[in-house]
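Participant: Take a look at coords_9.txt, compact mmCIF, C-alpha atoms:
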# COMPACT_ATOMS: atom_id res chain seq x y z
CA MET A 1 21.48 -13.20 -4.90
CA LEU A 2 22.67 -14.00 -1.35
CA ARG A 3 24.27 -10.57 -1.06
CA ALA A 4 21.06 -8.93 -2.27
CA VAL A 5 18.96 -10.83 0.28
CA PHE A 6 21.42 -10.00 3.03
CA ILE A 7 21.44 -6.25 2.31
CA ILE A 8 17.66 -5.98 2.12
CA VAL A 9 17.08 -8.04 5.27
CA ALA A 10 19.78 -6.08 7.13
CA CYS A 11 18.08 -2.78 6.18
CA LEU A 12 14.73 -4.18 7.32
CA TRP A 13 16.13 -5.27 10.69
CA ALA A 14 17.97 -1.98 11.18
CA GLY A 15 14.72 -0.17 10.36
CA LYS A 16 12.81 -2.25 12.88
CA GLY A 17 15.49 -1.62 15.48
CA LEU A 18 15.34 2.13 14.92
CA VAL A 19 11.53 2.13 15.09
CA ALA A 20 11.66 0.40 18.48
CA LEU A 21 13.54 3.47 19.73
CA LEU A 22 11.20 6.04 18.15
CA PRO A 23 7.92 7.15 19.80
CA VAL A 24 6.07 7.44 16.45
CA PRO A 25 4.08 4.66 14.76
CA ILE A 26 6.26 4.34 11.66
CA PRO A 27 6.74 0.79 10.36
CA GLY A 28 10.26 -0.64 10.29
CA SER A 29 9.94 -1.50 6.61
CA ILE A 30 9.55 2.19 5.68
CA ILE A 31 12.61 3.18 7.72
CA GLY A 32 14.45 0.21 6.17
CA MET A 33 13.51 1.50 2.72
CA LEU A 34 14.83 4.95 3.57
CA LEU A 35 18.04 3.40 4.92
CA LEU A 36 18.58 1.40 1.74
CA PHE A 37 17.82 4.52 -0.28
CA LEU A 38 20.48 6.44 1.67
CA LEU A 39 22.98 3.61 1.20
CA LEU A 40 22.33 3.55 -2.55
CA SER A 41 22.44 7.36 -2.89
CA SER A 42 25.73 7.57 -1.00
CA LYS A 43 27.16 4.76 -3.20
CA LEU A 44 27.99 2.71 -0.11
CA VAL A 45 25.84 0.00 -1.67
CA LYS A 46 25.90 -0.56 -5.43
CA ALA A 47 22.54 -0.83 -7.16
CA ASP A 48 23.64 -4.06 -8.86
CA TRP A 49 24.11 -5.68 -5.45
CA VAL A 50 20.42 -5.45 -4.49
CA MET A 51 18.94 -5.95 -7.97
CA PRO A 52 18.71 -9.79 -7.92
CA PHE A 53 16.34 -9.73 -4.91
CA SER A 54 14.62 -6.35 -5.27
CA ALA A 55 13.61 -6.80 -8.93
CA PRO A 56 11.52 -9.99 -8.44
CA LEU A 57 10.04 -8.65 -5.18
CA ILE A 58 8.79 -5.53 -6.90
CA ARG A 59 7.64 -7.32 -10.03
CA HIS A 60 5.43 -9.67 -8.00
CA MET A 61 4.38 -7.24 -5.30
CA THR A 62 0.64 -7.70 -5.88
CA LEU A 63 1.00 -11.39 -4.99
CA LEU A 64 2.37 -10.42 -1.59
CA PHE A 65 -0.84 -8.56 -0.65
CA ILE A 66 -3.22 -11.47 -1.26
CA PRO A 67 -2.72 -13.26 2.12
CA ALA A 68 -3.01 -9.97 4.06
CA GLY A 69 -6.05 -9.03 1.98
CA VAL A 70 -7.80 -12.31 2.75
CA GLY A 71 -7.63 -11.14 6.40
CA LEU A 72 -10.70 -9.11 5.48
CA MET A 73 -12.69 -12.26 6.34
CA ASN A 74 -12.06 -11.52 10.03
CA TYR A 75 -13.96 -8.23 9.84
CA LEU A 76 -17.05 -9.27 7.91
CA ASP A 77 -19.36 -8.35 10.82
CA VAL A 78 -17.93 -4.81 11.15
CA ILE A 79 -18.21 -4.39 7.40
CA LYS A 80 -21.84 -5.58 7.51
CA ALA A 81 -22.69 -3.12 10.30
CA HIS A 82 -21.07 -0.02 8.76
CA GLY A 83 -20.68 -1.18 5.18
CA LEU A 84 -22.22 1.65 3.20
CA VAL A 85 -20.65 4.48 5.21
CA LEU A 86 -17.21 2.89 5.12
CA VAL A 87 -17.31 1.98 1.46
CA GLY A 88 -18.79 5.33 0.41
CA ALA A 89 -16.43 7.53 2.39
CA CYS A 90 -13.35 5.50 1.55
CA PHE A 91 -14.26 5.28 -2.13
CA PHE A 92 -14.94 8.98 -2.70
CA SER A 93 -12.06 10.14 -0.54
CA THR A 94 -9.63 7.94 -2.50
CA LEU A 95 -10.88 9.27 -5.83
CA LEU A 96 -10.65 12.84 -4.53
CA VAL A 97 -7.02 12.36 -3.49
CA LEU A 98 -6.17 10.85 -6.88
CA ILE A 99 -7.68 13.79 -8.78
CA THR A 100 -6.32 16.50 -6.46
CA ILE A 101 -2.77 15.20 -6.40
CA GLY A 102 -2.67 14.21 -10.06
CA ARG A 103 -3.92 17.62 -11.23
CA TRP A 104 -1.93 19.59 -8.64
CA HIS A 105 1.40 17.99 -9.41
CA ASP A 106 0.88 17.94 -13.15
CA ARG A 107 0.26 21.70 -13.07
CA GLN A 108 3.01 22.45 -10.55
CA GLY A 109 5.64 20.52 -12.44
CA GLY A 110 4.88 22.40 -15.64
CA ARG A 111 4.56 19.06 -17.39
CA ARG A 112 0.90 19.10 -18.32
CA GLY A 113 0.14 16.59 -21.00
CA ASP A 114 -2.69 18.51 -22.67
CA MET B 1 4.95 -36.99 11.95
CA THR B 2 1.47 -37.84 13.15
CA ALA B 3 -1.40 -38.09 10.72
CA ARG B 4 -2.80 -34.85 12.18
CA GLU B 5 0.43 -32.93 11.61
CA ALA B 6 0.66 -34.30 8.09
CA ALA B 7 -2.89 -33.09 7.45
CA VAL B 8 -1.98 -29.59 8.66
CA VAL B 9 1.08 -29.47 6.41
CA THR B 10 -0.93 -30.69 3.43
CA GLU B 11 -3.65 -28.12 4.11
CA SER B 12 -1.07 -25.29 4.44
CA LEU B 13 0.54 -26.30 1.17
CA LEU B 14 -2.87 -26.41 -0.47
CA TYR B 15 -3.61 -22.77 0.54
CA LEU B 16 -0.15 -21.69 -0.57
CA VAL B 17 -0.49 -23.37 -3.97
CA LEU B 18 -4.05 -22.09 -4.36
CA THR B 19 -2.93 -18.49 -3.72
CA LEU B 20 -0.01 -18.80 -6.13
CA ALA B 21 -2.28 -20.38 -8.75
CA ILE B 22 -4.81 -17.54 -8.50
CA TYR B 23 -2.00 -15.01 -8.86
CA ALA B 24 -0.46 -16.79 -11.85
CA LEU B 25 -3.84 -17.11 -13.57
CA VAL B 26 -4.73 -13.44 -13.03
CA ARG B 27 -1.32 -12.34 -14.33
CA LYS B 28 -1.76 -14.52 -17.38
CA ALA B 29 -5.23 -13.12 -17.97
CA GLN B 30 -3.89 -9.56 -17.47
CA ALA B 31 -1.52 -10.06 -20.39
CA ARG B 32 -4.44 -10.93 -22.64
CA PHE B 33 -7.30 -8.72 -21.39
CA LYS B 34 -6.63 -5.10 -20.49
CA THR B 35 -9.20 -4.54 -17.74
CA PRO B 36 -8.39 -3.08 -14.31
CA LEU B 37 -10.78 -5.55 -12.67
CA LEU B 38 -8.14 -8.24 -13.22
CA ASN B 39 -6.30 -7.25 -10.06
CA PRO B 40 -4.60 -10.15 -8.25
CA VAL B 41 -5.47 -8.73 -4.79
CA LEU B 42 -9.12 -8.19 -5.72
CA ILE B 43 -9.54 -11.58 -7.42
CA GLY B 44 -7.60 -13.26 -4.60
CA ILE B 45 -9.98 -11.82 -1.99
CA ALA B 46 -13.06 -12.40 -4.13
CA VAL B 47 -12.18 -16.07 -4.62
CA LEU B 48 -10.56 -16.99 -1.31
CA VAL B 49 -12.78 -15.18 1.24
CA PRO B 50 -16.10 -16.73 0.14
CA LEU B 51 -14.38 -20.10 -0.29
CA LEU B 52 -12.83 -20.08 3.19
CA VAL B 53 -16.02 -18.76 4.81
CA ALA B 54 -18.14 -21.40 3.06
CA LEU B 55 -15.77 -24.18 4.13
CA LYS B 56 -15.58 -22.70 7.67
CA VAL B 57 -11.79 -22.44 7.45
CA PRO B 58 -10.49 -19.85 9.95
CA TYR B 59 -8.07 -17.18 8.70
CA GLN B 60 -5.27 -18.58 10.89
CA SER B 61 -5.49 -21.92 9.09
CA TYR B 62 -5.26 -20.20 5.71
CA MET B 63 -2.28 -18.15 6.94
CA GLN B 64 -0.40 -21.36 7.79
CA GLY B 65 0.19 -21.44 4.04
CA GLY B 66 -0.26 -17.74 3.33
CA ARG B 67 2.51 -16.64 5.69
CA PHE B 68 5.14 -17.95 3.28
CA ILE B 69 3.98 -15.24 0.88
CA ASN B 70 3.22 -12.64 3.56
CA PHE B 71 6.80 -13.04 4.80
CA PHE B 72 8.11 -11.22 1.70
CA LEU B 73 5.87 -8.18 2.15
CA GLU B 74 8.24 -6.24 4.40
CA PRO B 75 11.37 -6.96 2.34
CA ALA B 76 9.39 -5.83 -0.72
CA VAL B 77 8.74 -2.46 0.92
CA VAL B 78 12.49 -2.13 1.58
CA ALA B 79 13.19 -3.16 -2.02
CA LEU B 80 11.18 -0.14 -3.22
CA ALA B 81 14.31 1.88 -2.41
CA TYR B 82 15.69 0.56 -5.71
CA PRO B 83 13.19 2.24 -8.11
CA LEU B 84 13.40 5.26 -5.81
CA TYR B 85 17.17 5.38 -6.27
CA GLN B 86 16.85 5.09 -10.04
CA GLN B 87 15.05 8.46 -9.96
CA LEU B 88 17.54 10.09 -7.59
CA ASP B 89 18.39 13.01 -9.88
CA LEU B 90 14.74 13.86 -10.49
CA ILE B 91 13.99 13.66 -6.78
CA ARG B 92 16.97 15.88 -5.92
CA ALA B 93 15.83 18.51 -8.39
CA GLN B 94 12.21 18.50 -7.19
CA TRP B 95 12.18 17.72 -3.50
CA LYS B 96 10.23 20.88 -2.57
CA ALA B 97 7.42 20.16 -5.01
CA LEU B 98 7.37 16.52 -3.89
CA LEU B 99 7.12 17.40 -0.23
CA SER B 100 4.35 19.96 -0.73
CA THR B 101 2.39 17.57 -2.96
CA CYS B 102 2.60 14.79 -0.37
CA LEU B 103 1.60 17.11 2.46
CA LEU B 104 -1.40 18.22 0.43
CA GLY B 105 -2.20 14.56 -0.32
CA VAL B 106 -2.13 13.62 3.36
CA LEU B 107 -4.37 16.54 4.36
CA VAL B 108 -6.88 15.86 1.57
CA ALA B 109 -6.92 12.11 2.32
CA MET B 110 -7.45 12.60 6.05
CA THR B 111 -9.98 15.43 6.00
CA SER B 112 -12.02 14.18 3.03
CA GLY B 113 -12.31 10.70 4.56
CA LEU B 114 -13.44 12.19 7.88
CA VAL B 115 -15.85 14.70 6.38
CA ILE B 116 -17.53 12.26 3.98
CA ALA B 117 -17.91 9.62 6.72
CA TRP B 118 -19.28 12.31 9.03
CA LEU B 119 -21.82 13.47 6.44
CA LEU B 120 -22.90 9.83 6.01
CA GLY B 121 -23.52 9.63 9.75
CA ALA B 122 -20.60 7.53 10.99
CA ASP B 123 -20.06 7.25 14.72
CA ARG B 124 -16.83 8.28 16.45
CA PRO B 125 -14.73 5.07 16.31
CA VAL B 126 -15.61 4.50 12.65
CA LEU B 127 -14.76 8.13 11.90
CA LEU B 128 -11.38 7.89 13.58
CA SER B 129 -10.62 4.61 11.81
CA MET B 130 -11.11 6.41 8.49
CA ALA B 131 -8.37 9.03 8.99
CA ALA B 132 -5.32 6.93 8.08
CA LYS B 133 -6.91 4.82 5.33
CA SER B 134 -4.65 6.11 2.56
CA VAL B 135 -1.31 5.00 4.00
CA THR B 136 0.37 1.63 4.13
CA THR B 137 -1.14 -0.89 6.61
CA PRO B 138 1.47 -0.90 9.39
CA ILE B 139 1.51 2.91 9.69
CA ALA B 140 -2.26 3.16 9.28
CA MET B 141 -2.93 0.69 12.10
CA GLY B 142 -0.47 2.40 14.43
CA VAL B 143 -1.94 5.83 13.72
CA SER B 144 -5.53 4.58 14.07
CA GLU B 145 -4.80 3.07 17.47
CA ARG B 146 -3.08 6.22 18.56
CA ILE B 147 -5.99 8.53 17.74
CA GLY B 148 -8.68 6.20 19.12
CA GLY B 149 -9.87 4.33 16.03
CA ILE B 150 -10.24 0.57 15.49
CA ALA B 151 -6.95 -0.65 14.03
CA SER B 152 -8.44 -3.74 12.36
CA LEU B 153 -11.15 -1.64 10.74
CA THR B 154 -8.49 0.74 9.45
CA ALA B 155 -6.66 -2.25 7.96
CA VAL B 156 -9.77 -3.12 5.95
CA LEU B 157 -10.15 0.49 4.80
CA VAL B 158 -6.49 0.62 3.75
CA LEU B 159 -7.11 -2.41 1.60
CA PHE B 160 -10.29 -0.94 0.16
CA ALA B 161 -8.61 2.39 -0.63
CA GLY B 162 -5.71 0.48 -2.21
CA VAL B 163 -7.93 -1.70 -4.38
CA THR B 164 -10.15 1.25 -5.35
CA GLY B 165 -7.09 3.25 -6.35
CA ALA B 166 -5.40 0.35 -8.14
CA ILE B 167 -8.50 -0.44 -10.18
CA LEU B 168 -9.89 3.03 -10.93
CA GLY B 169 -6.74 5.17 -10.46
CA PRO B 170 -5.02 4.86 -13.85
CA TRP B 171 -8.35 5.25 -15.66
CA LEU B 172 -9.43 8.25 -13.53
CA LEU B 173 -6.07 9.97 -13.97
CA THR B 174 -6.25 9.52 -17.73
CA LEU B 175 -9.82 10.87 -17.66
CA CYS B 176 -8.55 13.94 -15.77
CA LYS B 177 -5.79 14.36 -18.37
CA VAL B 178 -2.99 13.64 -15.90
CA LYS B 179 -0.34 12.34 -18.27
CA SER B 180 3.07 12.84 -16.66
CA PRO B 181 4.32 9.61 -15.08
CA GLN B 182 5.46 11.59 -12.03
CA ALA B 183 2.04 13.04 -11.25
CA ARG B 184 0.36 9.69 -11.93
CA GLY B 185 2.79 7.93 -9.61
CA LEU B 186 2.45 10.50 -6.83
CA ALA B 187 -1.35 10.38 -7.03
CA MET B 188 -1.35 6.58 -6.82
CA GLY B 189 1.07 6.52 -3.89
CA CYS B 190 -0.84 9.24 -2.00
CA ALA B 191 -4.26 7.67 -2.53
CA ALA B 192 -3.61 3.94 -2.73
CA HIS B 193 -0.26 3.38 -0.94
CA ALA B 194 1.49 0.07 -1.70
CA ILE B 195 -1.34 -1.59 -3.65
CA GLY B 196 -1.49 1.45 -5.90
CA THR B 197 2.28 1.37 -6.24
CA ALA B 198 2.20 -2.31 -7.18
CA ARG B 199 -0.32 -1.42 -9.90
CA ILE B 200 1.57 1.59 -11.30
CA VAL B 201 4.80 -0.49 -11.53
CA GLU B 202 3.17 -1.90 -14.66
CA GLU B 203 3.03 1.57 -16.23
CA SER B 204 6.63 2.80 -15.97
CA ALA B 205 9.68 2.80 -13.69
CA GLU B 206 9.39 6.55 -13.25
CA ALA B 207 5.76 6.37 -12.11
CA ALA B 208 6.67 3.49 -9.78
CA ALA B 209 9.50 5.52 -8.25
CA PHE B 210 7.29 8.52 -7.57
CA SER B 211 4.54 6.29 -6.25
CA SER B 212 6.84 4.59 -3.75
CA LEU B 213 8.23 8.00 -2.82
CA ALA B 214 4.69 9.28 -2.13
CA LEU B 215 3.88 6.10 -0.22
CA SER B 216 6.83 6.50 2.12
CA LEU B 217 6.58 10.30 2.46
CA CYS B 218 2.80 10.23 3.02
CA GLY B 219 3.21 7.44 5.56
CA ILE B 220 5.71 9.39 7.59
CA ILE B 221 3.80 12.69 7.27
CA THR B 222 0.56 10.96 8.36
CA ALA B 223 2.26 9.42 11.38
CA PHE B 224 3.26 12.89 12.53
CA VAL B 225 0.26 14.97 11.38
CA ALA B 226 -2.73 12.70 12.18
CA PRO B 227 -2.35 12.72 15.98
CA LEU B 228 -2.30 16.54 15.81
CA VAL B 229 -5.03 17.25 13.25
CA VAL B 230 -7.59 14.46 13.64
CA PRO B 231 -8.55 15.06 17.31
CA LEU B 232 -9.13 18.74 16.51
CA LEU B 233 -11.35 17.90 13.54
CA THR B 234 -13.40 15.24 15.30
CA GLU B 235 -13.77 17.42 18.40
CA TRP B 236 -15.37 20.02 16.18
CA MET B 237 -17.57 17.48 14.34
CA LEU B 238 -18.99 15.54 17.29
Let me see the file written as structure tokens.
Facilitator:
Amino acid sequence: MLRAVFIIVACLWAGKGLVALLPVPIPGSIIGMLLLFLLLSSKLVKADWVMPFSAPLIRHMTLLFIPAGVGLMNYLDVIKAHGLVLVGACFFSTLLVLITIGRWHDRQGGRRGD
Amino acid sequence: MTAREAAVVTESLLYLVLTLAIYALVRKAQARFKTPLLNPVLIGIAVLVPLLVALKVPYQSYMQGGRFINFFLEPAVVALAYPLYQQLDLIRAQWKALLSTCLLGVLVAMTSGLVIAWLLGADRPVLLSMAAKSVTTPIAMGVSERIGGIASLTAVLVLFAGVTGAILGPWLLTLCKVKSPQARGLAMGCAAHAIGTARIVEESAEAAAFSSLALSLCGIITAFVAPLVVPLLTEWML
């Protein structure tokens, strides 16, 4: 467990360090994920080493978004002012992406279920 | 410890326990009732925001307790490398298709958000805030700021896109006869980033892997493409 925590936190910190040097707005956690992915793919880190910490984190990921989500309360006035436009555009755009990508990749991969 | 400090600690613990309790209850209910409305993020917001607003509790006070949960968010993103790694062979064999699908996803997400908001009569800052709504919060906020949007507004839209995708995504994909776990995962990651990924984890490890792959690829692509494409589009619109 300790080793798993250490590896994941080290990747996160390395990711954040790298991002500080890059001029693009990429979050450190994403770079950290790619780093860990590279370490796992190159067998420098064994999958079993990170399992004890990564498995529970992923299983309970939805919990982790609740505090950030509650932050919505800080923007209630903006939402009131532009509510319908924001909700409408965001809603339909999200559905459009889901359909486009789902259909596109299903067809492209030759793995259509129908 | 003074009485005031003790009160702060007690209050923080109360918010922490309350958040955990809501999560545990929703998860328990999920096991019994199969409805997408039982989403821990949605229920958490729907219960906590009105409660905190009614009691005039500022967000910072809530976060005194909430930060203990929030702290694990970044490590959880790093941990997504694990399901990604489990699908290494599949990813190696299909990297071209994956890359093109994610590029398409980013372009559709950005342009459709902009165009629909434009048709609905949004003004410039709102329009620009819409562009990065389909990628994970830290990238979305950075991109929004960079292209002249309101970062905090983008954060709200990211959440809304995530919740919309998490709740309606699996149902919509089934309706559109998208059955392969790969395509379902990619669609969820492209449209609903981490919240969508957290939802599709429940479906299968393969879908989760492709969703987290789409989430990271789309995030990076957006960070590079948005500052190039969005100013051109909005220049033409306004």
Participant: Quick one: distance from atom CA of Leu12 of chain A to atom CA of Ala93 of chain B in Å, one decimal?
Facilitator: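 About the pair atom CA of Leu12 of chain A and atom CA of Ala93 of chain B: they are 27.6 Å apart.
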Participant: Restricting the calculation to only C-alpha atoms, which member of B:Glu145, B:Ile43, B:Leu38, B:Val156 is positioned closest to Val78 of chain A?
Facilitator: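 Answer, going by the shortest atom-to-atom distance: B:Val156.
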Participant: For chain B against chain A, which residues fall within 6 Å using all atoms listed in the file, given as a ChimeraX atom specification?
Facilitator: /B:41,44-45,49,66,69-70,73-74,76-79,81,109,112-113,116-117,120,138-139,142,161,178-179,183-184,187,191,198
Participant: Need to verify the contact set: segment 6-19 of chain B, 7 Å, all atoms listed in the file, exclusion of same-chain residues closer than 6 positions in sequence. Can you return it as a ChimeraX atom specification?
Facilitator: /B:62,64-66
Participant: Centre and edge lengths, as AutoDock Vina command-line options, for the axis-aligned box enclosing every listed atom of segment 47-53 of chain A with 3 Å of padding on each of the six sides, in Å to one decimal?
Facilitator:
--center_x 20.2 --center_y -5.3 --center_z -6.7 --size_x 13.8 --size_y 15.0 --size_z 10.4
Participant: Choose the residue, out of B:Cys102, B:Met110, B:Val163, B:Val158, that has the smallest atom-to-atom separation from Gly185 of chain B; count all atoms listed in the file.
Facilitator: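 Answer, going by the shortest atom-to-atom distance: B:Cys102.
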Participant: What is the distance between atom CA of Gly162 of chain B and atom CA of Leu215 of chain B, in Å to one decimal?
Facilitator: 11.3 Å
Participant: Any idea what the distance is between atom CA of Ser212 of chain B and atom CA of Gly189 of chain B?
Facilitator: 6.1 Å
Participant: Anything within 12 Å of (10.2, 11.0, 1.5): list those residues as JSON, numbers by chain, counting all atoms listed in the file and sticking to the file's coordinates.
Facilitator: {"A": [30, 31, 33, 34, 35, 37, 38], "B": [81, 84, 85, 88, 91, 92, 94, 95, 96, 97, 98, 99, 100, 101, 102, 103, 186, 189, 190, 209, 210, 211, 212, 213, 214, 215, 216, 217, 218, 219, 220, 221, 222]}
Participant: Would you mind telling me which residue in B:Gly105, B:Pro83, B:Pro40, B:Gly169 lies nearest to Met188 of chain B when using all atoms listed in the file?
Facilitator: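 Selected residue with least distance to Met188 of chain B: B:Gly169.
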Participant: Might you pull out every residue within 9 Å of Leu238 of chain B, with all atoms listed in the file counted and same-chain residues fewer than 5 positions away left off, and present them as a list in words?
Facilitator: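 Using all atoms listed in the file, the neighbours found are Trp118, Asp123, Arg124 and Leu233 of chain B.
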